[in-house]
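Okay, so here's the structure we're looking at.
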6 protein chains.
Amino acid sequence: MMEHCRQTAETLIEALPYIRTWSGKTVVMKYGGNAMVDENLKRSVAQDIVLLRYVGINVVLVHGGGPMISSMMDRLGLEPKFVGGLRVTDEATMEVAQMVLVGLINQELVSLINHCGAKAVGISGKDADLLRAEKIQHPDGDLGFVGRVTSIDSTVINSLTAAGHVVVVSSIGVGEQGESYNINADTAAGELAGALNAEKLITLSDVRGIFRDIDDEDSLISRLDLDEARALMQSDIISKGMIPKLESCIQALDKGVRRAHMIDGRIPHSILMELFTDHGIGTMIDGRPVDD
Amino acid sequence: MMEHCRQTAETLIEALPYIRTWSGKTVVMKYGGNAMVDENLKRSVAQDIVLLRYVGINVVLVHGGGPMISSMMDRLGLEPKFVGGLRVTDEATMEVAQMVLVGLINQELVSLINHCGAKAVGISGKDADLLRAEKIQHPDGDLGFVGRVTSIDSTVINSLTAAGHVVVVSSIGVGEQGESYNINADTAAGELAGALNAEKLITLSDVRGIFRDIDDEDSLISRLDLDEARALMQSDIISKGMIPKLESCIQALDKGVRRAHMIDGRIPHSILMELFTDHGIGTMIDGRPVDD
Amino acid sequence: MMEHCRQTAETLIEALPYIRTWSGKTVVMKYGGNAMVDENLKRSVAQDIVLLRYVGINVVLVHGGGPMISSMMDRLGLEPKFVGGLRVTDEATMEVAQMVLVGLINQELVSLINHCGAKAVGISGKDADLLRAEKIQHPDGDLGFVGRVTSIDSTVINSLTAAGHVVVVSSIGVGEQGESYNINADTAAGELAGALNAEKLITLSDVRGIFRDIDDEDSLISRLDLDEARALMQSDIISKGMIPKLESCIQALDKGVRRAHMIDGRIPHSILMELFTDHGIGTMIDGRPVDD
Amino acid sequence: MMEHCRQTAETLIEALPYIRTWSGKTVVMKYGGNAMVDENLKRSVAQDIVLLRYVGINVVLVHGGGPMISSMMDRLGLEPKFVGGLRVTDEATMEVAQMVLVGLINQELVSLINHCGAKAVGISGKDADLLRAEKIQHPDGDLGFVGRVTSIDSTVINSLTAAGHVVVVSSIGVGEQGESYNINADTAAGELAGALNAEKLITLSDVRGIFRDIDDEDSLISRLDLDEARALMQSDIISKGMIPKLESCIQALDKGVRRAHMIDGRIPHSILMELFTDHGIGTMIDGRPVDD
Amino acid sequence: MMEHCRQTAETLIEALPYIRTWSGKTVVMKYGGNAMVDENLKRSVAQDIVLLRYVGINVVLVHGGGPMISSMMDRLGLEPKFVGGLRVTDEATMEVAQMVLVGLINQELVSLINHCGAKAVGISGKDADLLRAEKIQHPDGDLGFVGRVTSIDSTVINSLTAAGHVVVVSSIGVGEQGESYNINADTAAGELAGALNAEKLITLSDVRGIFRDIDDEDSLISRLDLDEARALMQSDIISKGMIPKLESCIQALDKGVRRAHMIDGRIPHSILMELFTDHGIGTMIDGRPVDD
Amino acid sequence: MMEHCRQTAETLIEALPYIRTWSGKTVVMKYGGNAMVDENLKRSVAQDIVLLRYVGINVVLVHGGGPMISSMMDRLGLEPKFVGGLRVTDEATMEVAQMVLVGLINQELVSLINHCGAKAVGISGKDADLLRAEKIQHPDGDLGFVGRVTSIDSTVINSLTAAGHVVVVSSIGVGEQGESYNINADTAAGELAGALNAEKLITLSDVRGIFRDIDDEDSLISRLDLDEARALMQSDIISKGMIPKLESCIQALDKGVRRAHMIDGRIPHSILMELFTDHGIGTMIDGRPVDD
């Protein structure tokens with residue numbers, strides 16, 4: 001027992017240099033729906049976030065929720081429609097998406113985080129006009145209420161983080177007429193990280209990171225620079241699912257975010273491991289050349 | 001045209017004494033689902049709220065949404081259950097209620113208000129543990145996740161109103177384990193008005209106020225004091241639907257709120273008429289004896 | 001009665017977009033002595049100002065008072081002197097001007113505004129060295145204590161408006177030796193509007209605005225741009241009395257004020273009509289080309 | 001020369017214990033019209049005040065001006081009226097008083113103080129409703145606009161002193177209808193000292209203080225306590241002119257002011273001598289028994 | 001490696017509930033000279049303190065230094081003097097004590113803490129008159145400059161902790177004439193904990209805590225309440241060296257400090273073990289009955 | 001007596017223009033060990049500093065202490081070592097220097113200043129990493145712990161002066177490993193004056209200033225400009241002891257300090273004479289050409 005206490009103390013001391021580094025900084029996280037696979041893991045993410053808050057980090061969590069939206073649509077008997085292989089967000093779909101994202105997933109995350117000891121507040125991009133958006137025009141047809149962020153008014157986030165709150169954001173945008181738009185959560189997180197001048201963007205998904213060879217478990221790329229990341233976007237080794245994630249990382253780094261991380265949200269406490277130990281566990285992209 | 005301008009100016013001047021009275025005060029409103037009957041009326045409520053904000057009033061809007069919850073349950077094939085004539089909120093029902101209240105109705109109100117020119121932010125009682133709640137024990141059986149407010153931490157509302165935001169609140173409470181509770185919106189509004197030391201509690205519903213004789217359109221009670229209101233609760237002239245509304249008014253007045261109003265939300269700009277003209281349109285209950 | 005209330009509410013809502021536009025902005029007004037013709041009109045101006053204050057506008061009112069100064073000089077048996085057709089402000093005249101402007105007119109306006117519900121504070125350009133001035137050298141002879149503003153220290157105005165006060169300014173300047181100078185009130189208002197980075201300069205006088213043909217009641221110019229205003233200064237259609245007013249407008253617009261208005265202060269609530277309705281009633285000059 | 005410098009330094013050091021004592025405190029001064037006898041003396045008072053400001057004292061200067069009002073009335077051909085031996089302030093007299101006090105004397109003091117290096121702001125009791133007043137009812141007849149302070153709203157003074165301004169106050173009060181009242185300046189100063197929780201009330205007049213024997217130059221009372229001051233009020237050794245001054249001192253001390261001083265404003269730098277040297281030059285009344 | 005990272009994360013999460021508990025609280029520590037035995041241990045204490053600072057705890061460290069003072073006196077050829085068995089602090093001794101405590105030990109601790117990543121500032125009780133003191137009168141003779149705290153002005157500590165600094169305090173007091181007094185460091189720490197309304201007082205010495213039987217290693221008392229602590233002071237099982245420590249704990253608890261801890265500063269990271277794990281390692285005294 | 005009071009008041013008024021000039025400015029002083037010759041003079045310096053603080057000047061006092069260090073080394077039997085004629089600061093010497101400077105001299109100055117009525121706080125360059133330093137490499141050999149300032153983090157000084165404290169600084173620097181460096185106090189004062197954007201740097205030593213002819217008492221240079229000062233550095237009329245003082249003045253002026261003064265600290269109240277009278281007593285160097 002006493003030995004255990006001693007180890008705890010030593011571990012805390014080992015983490016100290018990292019705590020020093022991140023204290024006072026803003027970290028934006030994207031938490032993908034596919035990574036929300038079981039209750040224990042969600043709780044582990046919530047605990048990590050509360051710890052970040054206690055060591056002085058401003059945390060903004062942007063969540064997705066694709067699988068839960070699909071399942072709710074199914075229960076409501078709504079048929080998915082496609083244009084050129086892309087899913088269409090018609091009015092009924094938009095309503096379900098907003099209901100599930102804002103009403104269920106966001107609130108569940110808020111509740112989990114608060115239960116671990118912080119004071120989280122959930123908002124959507126519609127609150128205080130956080131994410132102004134416009135319709136994406138697609139060459140193959142009308143995608144409905146799928147939008148792109150046109151401007152960000154981050155004052156509501158700043159006043160909530162200044163008051164010590166963790167902020168949980170549903171990636172819904174608001175159009176000129178007050179209509180809702182479905183915004184890709186990776187993109188929203190990248191845009192927010194840029195607008196908030198964040199130190200870090202962390203993408204929690206259900207893959208371990210970027211692999212040189214998708215069939216080789218050992219080919220995980222631990223670290224790359226912005227040029228290499230851009231080159232990767234043009235290559236064919238990057239999997240389709242990773243493209244929006246990698247793109248949002250590049251976008252955030254272009255806007256001044258220092259580092260972007262892609263890590264596996266299914267590994268318990270992967271956030272803490274990435275931030276507070278020497279050995280990162282996913283793929284990290286530096287915002288400036290590696291040798292700076 | 002010129003004449004119209006002149007009248008506008010004169011009207012503004014007539015409203016000046018009222019503006020002076022309310023400026024800097026907090027007003028809590030309950031907006032009932034039955035009063036949200038058409039788009040124009042909802043827009044009229046939103047405009048009223050934005051005007052209140054601009055003349056310096058802190059506005060907290062608590063909304064209901066019974067009819068929309070019922071309709072969504074119907075679409076999902078969920079059968080309502082009853083205990084002793086009361087509807088039971090089982091886990092599936094709670095999920096639908098939260099989804100509809102927080103994800104749809106709250107966001108729609110936020111969007112409407114923002115479109116009229118304010119910066120509204122929507123929260124639920126789960127955000128920052130605003131409304132802590134516990135299960136209501138009912139003698140006739142288990143009502144499921146129907147809760148009662150046990151304590152209020154209004155700091156998140158105070159920091160949002162201080163930053164100039166209108167706050168829209170869904171009346172969901174949070175239990176000890178982070179579970180959601182369905183809180184009666186009238187009660188939540190009354191509790192919040194007390195906790196925020198509000199000047200006024202305004203209940204917007206689909207009835208004109210309290211009548212001496214429910215069958216006599218001309219018997220509307222314009223004004224009564226707290227003792228008369230308490231006597232009314234014991235009488236048989238008060239309709240069943242008005243009981244929780246009147247109860248929440250009395251509760252708020254007991255906690256120091258100065259006045260409570262019950263007005264018909266279906267009358268355009270009924271809020272402004274009640275606040276900014278001599279002739280109130282519903283029933284007003286004074287927190288202190290009428291002659292003070 | 002009920003109908004009247006309904007109209008009041010509708011009018012307030014019509015004014016909302018204007019309130020939104022001006023809230024938080026600074027408006028400098030010049031109130032000419034010739035426009036202070038009767039008690040009711042002065043009260044109407046005071047009410048307008050209080051309303052502006054309540055909807056969040058910072059109001060600075062610069063007043064004139066020529067007729068009252070003349071009348072007091074007459075009572076004191078002081079003979080006006082002239083140089084090249086211009087009135088000379090000798091020491092005795094300066095004393096009377098200061099006494100009447102600061103001691104009577106300013107205090108009367110303060111009292112009227114406070115009586116309508118705001119907290120006005122009256123100052124002169126000598127208080128806290130607000131308006132530093134120097135003697136105007138005139139080719140035709142010594143005009144005495146007629147001065148020109150050399151620099152403005154607006155900190156006292158900023159701290160009074162920040163504390164919620166309406167500020168009433170008598171246009172007296174202070175020289176290097178502490179001596180008083182008579183400053184043209186139109187010019188002082190224009191200079192202050194520039195120094196305070198005001199949104200608007202409003203000149204309330206006893207004419208309706210600028211006319212294309214001074215003999216044609218219907219030739220009022222509703223709106224012109226800065227270039228047109230400059231051209232007008234060179235033309236012969238502008239009346240002598242309007243020259244300093246138009247000049248101070250141009251001067252203020254040159255310093256970044258967005259719009260200048262010349263309106264008839266004898267029309268009840270002309271300020272509100274100009275600010276809060278679609279149909280302005282005087283002449284408005286845009287600070288930037290009309291098509292921006 | 002060098003010797004002179006050395007003495008200067010030594011004098012400053014001798015003053016240090018006094019500076020330490022008064023720094024951060026509020027001092028209210030009454031400057032009587034009879035003491036404003038020549039330009040050099042007024043400048044000496046202004047210099048003293050500026051020095052107080054620089055060593056961290058909040059200075060509020062209440063001025064009188066009887067002789068200048070009489071002289072202006074004379075010039076305007078206004079006949080003084082009396083009731084029971086007391087002068088009546090009819091409407092015309094009130095206008096002259098306000099004009100002279102607010103427009104001339106206040107502004108002259110402001111200008112003098114600013115010329116010595118501070119930033120003074122002049123206000124009257126009408127500004128921001130500083131001195132609310134009501135008519136004094138006199139048994140012998142109507143005294144016109146002679147008033148008594150009913151309440152003080154000192155917020156405007158507090159915000160001006162907090163911003164580093166010296167505040168010069170004309171003792172005009174404001175009635176319920178916005179009408180002006182002539183307030184005895186000694187009384188106003190005493191009331192303000194109480195309301196501002198001042199450390200000191202200093203009355204600068206043209207007498208050296210209170211004498212035990214009015215015909216004996218050497219019988220000046222240097223120091224007395226509150227009980228002795230009260231006894232003096234009942235005695236017949238106190239001269240008529242000193243009664244309101246002594247009364248306002250007692251009143252201020254009753255409201256918690258620590259000390260009241262009556263000194264001769266015609267002695268150069270009498271304020272500094274009283275505050276910054278061991279040897280006071282007038283009469284000082286302690287708010288608490290001398291031996292505390 | 002990866003396994004090690006995982007354990008780090010888990011440890012941090014285990015510590016979370018403790019971090020939550022102490023965040024924002026003030027902890028006063030006494031670090032005894034006997035516990036400053038080697039460089040590694042001092043560094044371990046410094047690291048612990050920096051970690052406390054990063055998780056939001058205000059840390060005030062009061063240090064002793066007896067052994068170093070004795071050794072310096074020895075080098076300077078100063079003979080210790082005694083009165084009734086107690087060491088006398090004559091002027092020469094006081095000078096050495098101050099020189100060693102303030103000039104060497106305090107600065108060394110500041111430097112160590114800063115090197116671990118915080119911003120420590122060292123002060124003595126003489127700075128800003130933090131610890132006012134008077135001479136202790138001893139029945140057996142003159143102890144010289146041995147003092148007792150008469151009053152504490154903790155404003156300098158409050159402004160330094162508010163600015164994020166760790167504060168290191170040398171327990172020197174200042175007398176009425178500016179003379180220095182040697183204050184027992186345990187007592188000073190207890191007094192400061194009371195004055196700062198600290199959550200905890202932690203005494204780091206070279207013993208493990210209080211033992212029921214001083215010869216029985218296994219008789220360490222883990223926890224006792226205030227009454228038990230008081231009883232212990234009267235008993236004979238408490239060793240002489242522990243008396244001032246236990247006394248200062250009782251004193252602090254009497255002034256409202258919640259808990260006092262006596263722990264062995266020679267155990268690495270004993271502070272973290274005591275604060276951030278379940279298993280305290282020394283003796284803890286509760287400020288209120290154990291069962292509250 | 002009365003005459004004396006009058007003179008005091010007049011002297012204060014004469015000082016007023018100087019007080020006005022310096023109020024709110026920052027003054028850095030270097031107080032050399034050779035100037036600390038007797039108790040009365042030290043008290044005189046302390047009084048001057050307290051007076052500066054009361055008239056609103058931020059005072060930072062950097063002290064030296066060479067003679068006291070030498071004397072303590074002597075008492076400890078430490079032999080001075082030299083390299084190329086320069087004294088070497090080995091580890092033992094550094095320890096003595098720090099002990100004497102921080103533990104004795106700094107604390108004595110703090111105590112003296114506080115006794116005169118201010119609230120001084122003593123710090124060294126190690127506190128909050130105020131003066132980061134590195135070893136000076138000397139061509140003739142290892143000088144030990146003699147350092148040069150590499151960077152200044154003046155936040156701790158700013159927060160202490162903002163809280164009204166006089167700050168006393170011992171010129172010890174801190175290296176990368178936390179080791180102490182002996183920094184020349186003249187240089188440290190010059191660097192601090194630059195970093196704090198001070199108005200003035202005042203060097204108090206035991207010489208009267210710079211002389212054109214060192215053997216001619218009457219050849220004191222009262223005033224020179226930056227170019228002349230630079231020329232002087234190259235000339236042979238400047239004495240060896242004055243070189244570092246003159247150098248630090250030039251350095252400070254280069255960094256934007258307005259004026260540097262070299263005055264004789266043994267003349268009572270020399271600081272006040274230099275700041276608050278017309279006739280400076282030492283040598284003043286203007287930061288910009290004399291004719292600006």
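Labels for the structure tokens follow display order: chains A, B, ..., residues from 1 in each chain, ligands from 1.
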Among range 87-221 of chain B, which residues does DSSP mark as strand (DSSP E) when it is run on the backbone? Keep the chain and numbering as in the structure and answer as a PyMOL selection string. chain B and resi 87+120-124+131-135+147-152+166-170+172-174+180-182+200-205
For the alpha helix (DSSP H) assignment from backbone DSSP, which residues of range 8-219 of chain D qualify? Please present them as a short mmCIF file (atom, residue, chain, number, x, y, z; two decimals) with N, CA and C atoms, in the first residue's frame.
```
data_model
loop_
_atom_site.label_atom_id
_atom_site.label_comp_id
_atom_site.auth_asym_id
_atom_site.auth_seq_id
_atom_site.Cartn_x
_atom_site.Cartn_y
_atom_site.Cartn_z
N THR D 8 14.57 72.83 1.68
CA THR D 8 13.39 72.28 1.01
C THR D 8 13.26 70.80 1.33
N ALA D 9 14.34 70.09 1.15
CA ALA D 9 14.32 68.64 1.39
C ALA D 9 13.95 68.37 2.85
N GLU D 10 14.55 69.11 3.76
CA GLU D 10 14.26 68.88 5.17
C GLU D 10 12.79 69.16 5.50
N THR D 11 12.27 70.18 4.88
CA THR D 11 10.86 70.50 5.11
C THR D 11 9.95 69.39 4.60
N LEU D 12 10.26 68.89 3.43
CA LEU D 12 9.45 67.79 2.89
C LEU D 12 9.48 66.62 3.87
N ILE D 13 10.64 66.32 4.37
CA ILE D 13 10.77 65.20 5.31
C ILE D 13 9.99 65.46 6.59
N GLU D 14 10.00 66.70 7.05
CA GLU D 14 9.21 67.03 8.25
C GLU D 14 7.72 66.82 8.00
N ALA D 15 7.31 67.06 6.75
CA ALA D 15 5.87 66.92 6.43
C ALA D 15 5.47 65.46 6.25
N LEU D 16 6.46 64.60 6.09
CA LEU D 16 6.17 63.20 5.77
C LEU D 16 5.18 62.52 6.72
N PRO D 17 5.36 62.65 8.03
CA PRO D 17 4.39 61.96 8.92
C PRO D 17 2.95 62.42 8.68
N TYR D 18 2.78 63.69 8.33
CA TYR D 18 1.43 64.21 8.07
C TYR D 18 0.89 63.65 6.75
N ILE D 19 1.76 63.65 5.74
CA ILE D 19 1.37 63.12 4.43
C ILE D 19 0.89 61.68 4.60
N ARG D 20 1.69 60.89 5.33
CA ARG D 20 1.33 59.50 5.60
C ARG D 20 -0.04 59.38 6.23
N THR D 21 -0.34 60.31 7.15
CA THR D 21 -1.60 60.23 7.88
C THR D 21 -2.80 60.48 6.97
N TRP D 22 -2.66 61.45 6.04
CA TRP D 22 -3.84 61.85 5.26
C TRP D 22 -3.98 61.13 3.93
N GLU D 39 -6.70 87.70 -5.72
CA GLU D 39 -6.27 86.67 -6.66
C GLU D 39 -5.15 85.80 -6.10
N ASN D 40 -4.23 86.44 -5.40
CA ASN D 40 -3.11 85.67 -4.88
C ASN D 40 -3.55 84.65 -3.85
N LEU D 41 -4.54 85.04 -3.02
CA LEU D 41 -5.01 84.11 -2.01
C LEU D 41 -5.77 82.94 -2.64
N LYS D 42 -6.57 83.26 -3.68
CA LYS D 42 -7.29 82.18 -4.35
C LYS D 42 -6.29 81.20 -4.98
N ARG D 43 -5.24 81.75 -5.57
CA ARG D 43 -4.22 80.89 -6.16
C ARG D 43 -3.53 80.05 -5.08
N SER D 44 -3.33 80.64 -3.92
CA SER D 44 -2.70 79.89 -2.83
C SER D 44 -3.58 78.72 -2.39
N VAL D 45 -4.90 78.96 -2.32
CA VAL D 45 -5.81 77.86 -1.99
C VAL D 45 -5.76 76.78 -3.07
N ALA D 46 -5.74 77.21 -4.33
CA ALA D 46 -5.69 76.24 -5.43
C ALA D 46 -4.42 75.40 -5.37
N GLN D 47 -3.30 76.05 -5.08
CA GLN D 47 -2.04 75.30 -4.98
C GLN D 47 -2.09 74.28 -3.85
N ASP D 48 -2.62 74.71 -2.71
CA ASP D 48 -2.75 73.77 -1.58
C ASP D 48 -3.55 72.54 -1.99
N ILE D 49 -4.66 72.79 -2.68
CA ILE D 49 -5.54 71.69 -3.07
C ILE D 49 -4.83 70.73 -4.01
N VAL D 50 -4.09 71.29 -4.96
CA VAL D 50 -3.38 70.44 -5.91
C VAL D 50 -2.34 69.59 -5.17
N LEU D 51 -1.68 70.20 -4.21
CA LEU D 51 -0.70 69.43 -3.43
C LEU D 51 -1.39 68.29 -2.67
N LEU D 52 -2.53 68.58 -2.08
CA LEU D 52 -3.27 67.52 -1.37
C LEU D 52 -3.57 66.37 -2.33
N ARG D 53 -4.02 66.74 -3.53
CA ARG D 53 -4.34 65.72 -4.55
C ARG D 53 -3.11 64.85 -4.85
N TYR D 54 -1.95 65.50 -4.98
CA TYR D 54 -0.74 64.75 -5.35
C TYR D 54 -0.25 63.84 -4.24
N GLY D 66 -21.70 84.64 -1.56
CA GLY D 66 -22.66 85.69 -1.23
C GLY D 66 -22.34 87.07 -1.82
N PRO D 67 -21.14 87.59 -1.57
CA PRO D 67 -20.85 88.94 -2.04
C PRO D 67 -21.01 89.10 -3.56
N MET D 68 -20.57 88.08 -4.34
CA MET D 68 -20.66 88.19 -5.79
C MET D 68 -22.12 88.13 -6.25
N ILE D 69 -22.93 87.36 -5.52
CA ILE D 69 -24.36 87.30 -5.88
C ILE D 69 -24.99 88.67 -5.64
N SER D 70 -24.72 89.26 -4.48
CA SER D 70 -25.28 90.57 -4.16
C SER D 70 -24.89 91.59 -5.22
N SER D 71 -23.62 91.55 -5.61
CA SER D 71 -23.15 92.54 -6.57
C SER D 71 -23.83 92.36 -7.93
N MET D 72 -24.03 91.10 -8.33
CA MET D 72 -24.71 90.87 -9.61
C MET D 72 -26.17 91.30 -9.54
N MET D 73 -26.82 91.05 -8.40
CA MET D 73 -28.21 91.49 -8.24
C MET D 73 -28.31 93.00 -8.36
N ASP D 74 -27.34 93.63 -7.76
CA ASP D 74 -27.28 95.08 -7.83
C ASP D 74 -27.19 95.55 -9.28
N ARG D 75 -26.27 94.91 -10.02
CA ARG D 75 -26.09 95.31 -11.42
C ARG D 75 -27.37 95.08 -12.22
N GLU D 91 -37.68 83.83 -7.35
CA GLU D 91 -37.23 83.12 -8.55
C GLU D 91 -36.09 83.86 -9.25
N ALA D 92 -36.23 85.19 -9.35
CA ALA D 92 -35.18 85.97 -10.02
C ALA D 92 -33.86 85.88 -9.26
N THR D 93 -33.95 85.94 -7.93
CA THR D 93 -32.74 85.84 -7.11
C THR D 93 -32.08 84.47 -7.26
N MET D 94 -32.91 83.45 -7.27
CA MET D 94 -32.39 82.08 -7.43
C MET D 94 -31.63 81.97 -8.74
N GLU D 95 -32.21 82.54 -9.79
CA GLU D 95 -31.56 82.48 -11.11
C GLU D 95 -30.20 83.16 -11.06
N VAL D 96 -30.15 84.33 -10.43
CA VAL D 96 -28.87 85.03 -10.33
C VAL D 96 -27.87 84.23 -9.50
N ALA D 97 -28.34 83.69 -8.38
CA ALA D 97 -27.45 82.92 -7.51
C ALA D 97 -26.83 81.75 -8.27
N GLN D 98 -27.68 81.02 -8.98
CA GLN D 98 -27.20 79.84 -9.71
C GLN D 98 -26.21 80.23 -10.80
N ASN D 106 -17.66 78.76 -9.49
CA ASN D 106 -17.23 77.35 -9.63
C ASN D 106 -16.21 77.23 -10.75
N GLN D 107 -16.53 77.80 -11.91
CA GLN D 107 -15.64 77.69 -13.07
C GLN D 107 -14.30 78.38 -12.81
N GLU D 108 -14.33 79.47 -12.07
CA GLU D 108 -13.07 80.16 -11.79
C GLU D 108 -12.18 79.29 -10.91
N LEU D 109 -12.81 78.64 -9.90
CA LEU D 109 -12.03 77.76 -9.02
C LEU D 109 -11.47 76.57 -9.80
N VAL D 110 -12.33 75.98 -10.64
CA VAL D 110 -11.88 74.86 -11.48
C VAL D 110 -10.67 75.27 -12.30
N SER D 111 -10.77 76.43 -12.90
CA SER D 111 -9.72 76.91 -13.78
C SER D 111 -8.42 77.15 -13.02
N LEU D 112 -8.54 77.75 -11.85
CA LEU D 112 -7.37 78.01 -11.02
C LEU D 112 -6.68 76.70 -10.60
N ILE D 113 -7.48 75.75 -10.17
CA ILE D 113 -6.92 74.46 -9.72
C ILE D 113 -6.25 73.74 -10.89
N ASN D 114 -6.93 73.73 -12.03
CA ASN D 114 -6.33 73.07 -13.19
C ASN D 114 -5.04 73.76 -13.60
N HIS D 115 -5.01 75.07 -13.50
CA HIS D 115 -3.81 75.80 -13.87
C HIS D 115 -2.64 75.45 -12.95
N THR D 155 -22.67 59.24 -5.66
CA THR D 155 -21.96 58.37 -6.62
C THR D 155 -21.17 59.17 -7.65
N VAL D 156 -21.70 60.30 -8.08
CA VAL D 156 -20.96 61.08 -9.09
C VAL D 156 -19.65 61.60 -8.50
N ILE D 157 -19.65 62.02 -7.25
CA ILE D 157 -18.41 62.48 -6.62
C ILE D 157 -17.43 61.32 -6.49
N ASN D 158 -17.94 60.17 -6.05
CA ASN D 158 -17.04 59.03 -5.90
C ASN D 158 -16.38 58.63 -7.20
N SER D 159 -17.16 58.66 -8.31
CA SER D 159 -16.51 58.24 -9.55
C SER D 159 -15.54 59.30 -10.06
N LEU D 160 -15.81 60.57 -9.78
CA LEU D 160 -14.85 61.61 -10.18
C LEU D 160 -13.58 61.57 -9.34
N THR D 161 -13.70 61.38 -8.04
CA THR D 161 -12.47 61.33 -7.23
C THR D 161 -11.68 60.05 -7.54
N ALA D 162 -12.39 58.95 -7.78
CA ALA D 162 -11.69 57.71 -8.13
C ALA D 162 -10.89 57.89 -9.42
N ALA D 185 -24.01 77.01 2.12
CA ALA D 185 -22.83 76.25 1.72
C ALA D 185 -22.16 75.56 2.89
N ASP D 186 -22.21 76.17 4.07
CA ASP D 186 -21.64 75.51 5.25
C ASP D 186 -22.38 74.20 5.53
N THR D 187 -23.70 74.29 5.49
CA THR D 187 -24.52 73.11 5.73
C THR D 187 -24.27 72.04 4.68
N ALA D 188 -24.22 72.45 3.42
CA ALA D 188 -23.99 71.49 2.33
C ALA D 188 -22.66 70.79 2.53
N ALA D 189 -21.63 71.55 2.90
CA ALA D 189 -20.31 70.95 3.11
C ALA D 189 -20.35 69.94 4.25
N GLY D 190 -21.04 70.29 5.33
CA GLY D 190 -21.15 69.38 6.45
C GLY D 190 -21.88 68.10 6.07
N GLU D 191 -22.96 68.25 5.32
CA GLU D 191 -23.73 67.08 4.88
C GLU D 191 -22.89 66.19 3.97
N LEU D 192 -22.18 66.83 3.03
CA LEU D 192 -21.35 66.05 2.10
C LEU D 192 -20.23 65.32 2.85
N ALA D 193 -19.60 66.01 3.81
CA ALA D 193 -18.53 65.37 4.59
C ALA D 193 -19.06 64.12 5.27
N GLY D 194 -20.27 64.21 5.84
CA GLY D 194 -20.88 63.04 6.47
C GLY D 194 -21.16 61.94 5.46
N ALA D 195 -21.79 62.30 4.32
CA ALA D 195 -22.17 61.30 3.33
C ALA D 195 -20.96 60.63 2.70
#
```
Distance of CA of Gly178 in chain F from CA of Val88 in chain F, expressed in Å to one decimal place: 19.7 Å
I want to know what sits within 8 Å of Ser151 in chain F, based on only C-alpha atoms, with residues of the same chain fewer than 3 positions away left out; could you give that as a VMD selection string? chain F and resid 131 to 133
Could the residues in this selection be written to a file with C-alpha atoms, as a PDB file, in the first residue's frame?
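Okay, this is what ended up in result_27.pdb:
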```
ATOM      1  CA  LEU F 131      17.549  38.471 -13.126  1.00  0.00           C
ATOM      2  CA  ARG F 132      18.622  35.541 -15.283  1.00  0.00           C
ATOM      3  CA  ALA F 133      22.399  35.533 -15.614  1.00  0.00           C
TER       4      ALA F 133
END
```
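Reported to one decimal place, the separation of CA of Ala231 in chain F from CA of Thr283 in chain F is 15.3 Å.
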For chain C, which residues have at least one atom within 6 Å of chain D, if we go by only C-alpha atoms? Write them as a PyMOL selection string, please. chain C and resi 76+98-99+102-104+111+119-121+127-128+178
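If you look at CA of Ser219 in chain A and CA of Ile285 in chain A, they are 15.9 Å away from each other.
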